[in-house]
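*Asks:* Sending over a structure as structure tokens; questions will come in a sec.
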Protein chains: 2
Amino acid sequence: MPDNREARAAARTDMIMRTTLALAQETGYAKLSIEAVAARAGVGKHTIYRRWPSKGLLFLDSLLSLNEPALDYPDTGDVMADLRRQIYAAVDLLTGPQWGPLYQALVGEAQHDPAVAAGLGERFIRPQTDKTVARLRAAQEQGQVAPGFDLDLAMSILSGPLYFRFLISQEPLTRDYVDRVLDALFAGMGPRGPADAPASA
Amino acid sequence: MPDNREARAAARTDMIMRTTLALAQETGYAKLSIEAVAARAGVGKHTIYRRWPSKGLLFLDSLLSLNEPALDYPDTGDVMADLRRQIYAAVDLLTGPQWGPLYQALVGEAQHDPAVAAGLGERFIRPQTDKTVARLRAAQEQGQVAPGFDLDLAMSILSGPLYFRFLISQEPLTRDYVDRVLDALFAGMGPRGPADAPASA
């Protein structure tokens with residue numbers, strides 16, 4: 001009965017993922033261990049090691065299994081409003097008590113473990129980048145984004161300032177901050193021509 | 001002879017800092033331990049624990065003791081050229097074999113240890129932010145930065161895209177990337193008026 005075997009395997013995977021997340025939330029990522037997950041999930045630790053060679057990769061799969069990072073862009077025809085809505089959703093996730101600290105721990109682990117960094121890049125950042133570029137390309141075609149704007153930079157320019165607050169300065173990520181960043185990125189740092197020229201040069 | 005005692009203490013601190021960095025480079029940050037630093041530096045581990053309660057704080061002090069992060073802005077009167085030069089210097093540091101991987105490990109640790117995050121923020125990011133704001137304020141007064149540009153965002157908007165590549169997408173940090181980011185940030189994402197308007201709307 002292969003169906004039953006598959007169903008059992010899927011249920012076991014699901015149990016391991018949920019146990020990993022629950023333990024990470026209880027103890028913090030630093031104290032998480034494959035042994036503790038195995039014990040609580042009631043499976044042998046080799047069952048876990050066979051599929052996830054490191055705690056970081058187990059954690060990556062567990063976090064992505066939540067499926068919360070489905071941060072799609074709406075397309076209402078107003079790119080600024082759509083970006084704002086999508087980034088608000090990202091900020092809600094990052095500042096939420098559930099996903100935020102876990103994602104922060106994952107990015108921390110990615111700095112020590114190249115396999116985690118590669119998995120995070122391919123499975124979360126790359127699809128997110130593709131969605132961002134697609135939404136901005138549509139906006140560019142509609143004249144809402146400057147024709148010369150380098151779309152390949154869209155993801156790092158839009159999300160870089162969020163990650164800077166989230167990871168580096170660790171100041172609060174607020175909707176007000178998102179609004180200010182979007183306004184500044186759309187207007188640009190450079191002067192805009194005659195109206196912006198200094199009174200005396 | 002208090003002078004001798006102070007000199008000996010300073011020499012011992014210096015030895016501990018250099019041993020910490022050397023060990024971190026040899027073994028990677030994850031395997032670094034206060035015990036190993038104490039053994040190699042020839043001091044008791046309590047000598048280290050008394051002053052640095054965690055490996056993360058010891059590592060933070062060691063890295064900042066290199067004094068390399070003195071990333072001052074030149075002021076030639078051309079803000080774009082000055083930013084470019086300063087950011088090139090930051091990129092050289094981040095991509096260098098010495099400081100780059102250590103700084104990456106430090107930021108990783110800051111995601112798990114709030115004391116490291118606070119120290120990094122106060123002792124490296126805050127002074128760097130102040131310098132960035134001061135250079136851009138001068139440029140704004142000279143009409144080289146839009147009068148409406150929100151200076152408080154300068155650091156996150158300028159360095160966010162660098163950190164995004166360094167920590168998240170982990171693509172190469174090149175001078176070409178810096179040039180493209182600066183051009184995009186100065187021009188802005190929004191259309192610039194009649195010349196940028198779409199042929200048909």
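Residues in the structure tokens are named by chain (A, B, ... in the order shown) and by number from 1 within that chain; ligands are numbered from 1 in the order shown.
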Write out as JSON, numbers by chain each polymer residue whose atoms come within 8 Å of Leu151 in chain A, counting only C-alpha atoms; drop sequence neighbours fewer than 3 positions from it.
*Replies:* {"A": [133, 136, 137, 154]}
*Asks:* Limited to N, CA, C and O atoms, could you put the picked residues into a file as an mmCIF file, in the first residue's frame?
*Replies:*
data_model
loop_
_atom_site.group_PDB
_atom_site.id
_atom_site.type_symbol
_atom_site.label_atom_id
_atom_site.label_comp_id
_atom_site.auth_asym_id
_atom_site.auth_seq_id
_atom_site.Cartn_x
_atom_site.Cartn_y
_atom_site.Cartn_z
ATOM 1 N N VAL A 133 10.177 42.065 -9.537
ATOM 2 C CA VAL A 133 10.562 42.568 -10.864
ATOM 3 C C VAL A 133 9.352 42.562 -11.800
ATOM 4 O O VAL A 133 9.125 43.524 -12.550
ATOM 5 N N LEU A 136 7.073 45.473 -11.035
ATOM 6 C CA LEU A 136 7.652 46.759 -11.427
ATOM 7 C C LEU A 136 7.765 46.884 -12.952
ATOM 8 O O LEU A 136 7.682 47.980 -13.490
ATOM 9 N N ARG A 137 7.959 45.748 -13.624
ATOM 10 C CA ARG A 137 8.012 45.812 -15.088
ATOM 11 C C ARG A 137 6.665 46.280 -15.630
ATOM 12 O O ARG A 137 6.600 47.139 -16.528
ATOM 13 N N ALA A 154 15.607 46.143 -8.221
ATOM 14 C CA ALA A 154 14.370 46.446 -7.496
ATOM 15 C C ALA A 154 14.325 45.790 -6.117
ATOM 16 O O ALA A 154 14.018 46.440 -5.120
#
*Asks:* Counting only C-alpha atoms, a student should be able to say which residues of chain A come within 6 Å of chain B; what is the right answer, written as a list of chain:residue names?
*Replies:*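 Listing them in order of chain and number gives A:Gln104, A:Ala105, A:Gly108, A:Gln111, A:Gly121, A:Gly143, A:Val145, A:Ala146, A:Phe149, A:Ser156, A:Ile157, A:Gly160, A:Pro161, A:Phe164, A:Ser169, A:Leu185, A:Phe186, A:Ala187, A:Gly188, A:Met189, A:Gly190, A:Pro191, A:Ala197, A:Pro198.
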*Asks:* I'd like the contact shell of range 45-48 of chain B - 9 Å cut-off, only C-alpha atoms, skipping same-chain residues fewer than 5 positions apart - returned as a short mmCIF file (atom, residue, chain, number, x, y, z; two decimals) with C-alpha atoms, in the first residue's frame.
*Replies:*
data_model
loop_
_atom_site.label_atom_id
_atom_site.label_comp_id
_atom_site.auth_asym_id
_atom_site.auth_seq_id
_atom_site.Cartn_x
_atom_site.Cartn_y
_atom_site.Cartn_z
CA ILE B 16 43.34 38.42 23.65
CA ILE B 34 36.41 31.48 25.05
CA GLU B 35 38.24 28.43 26.39
CA ALA B 36 40.27 28.08 23.19
CA VAL B 37 41.13 31.80 23.19
CA ALA B 38 42.24 31.60 26.83
CA ALA B 39 44.40 28.55 26.16
CA PRO B 53 30.50 37.62 29.41
CA LEU B 58 34.53 39.22 22.92
#
*Asks:* For the helix (DSSP H, G or I) assignment from backbone DSSP, which residues of range 26-200 of chain B qualify? Please present them as a ChimeraX atom specification.
*Replies:* /B:26-27,29-31,34-41,45-51,55-65,79-95,99-110,114-141,151-169,175-187,194-196
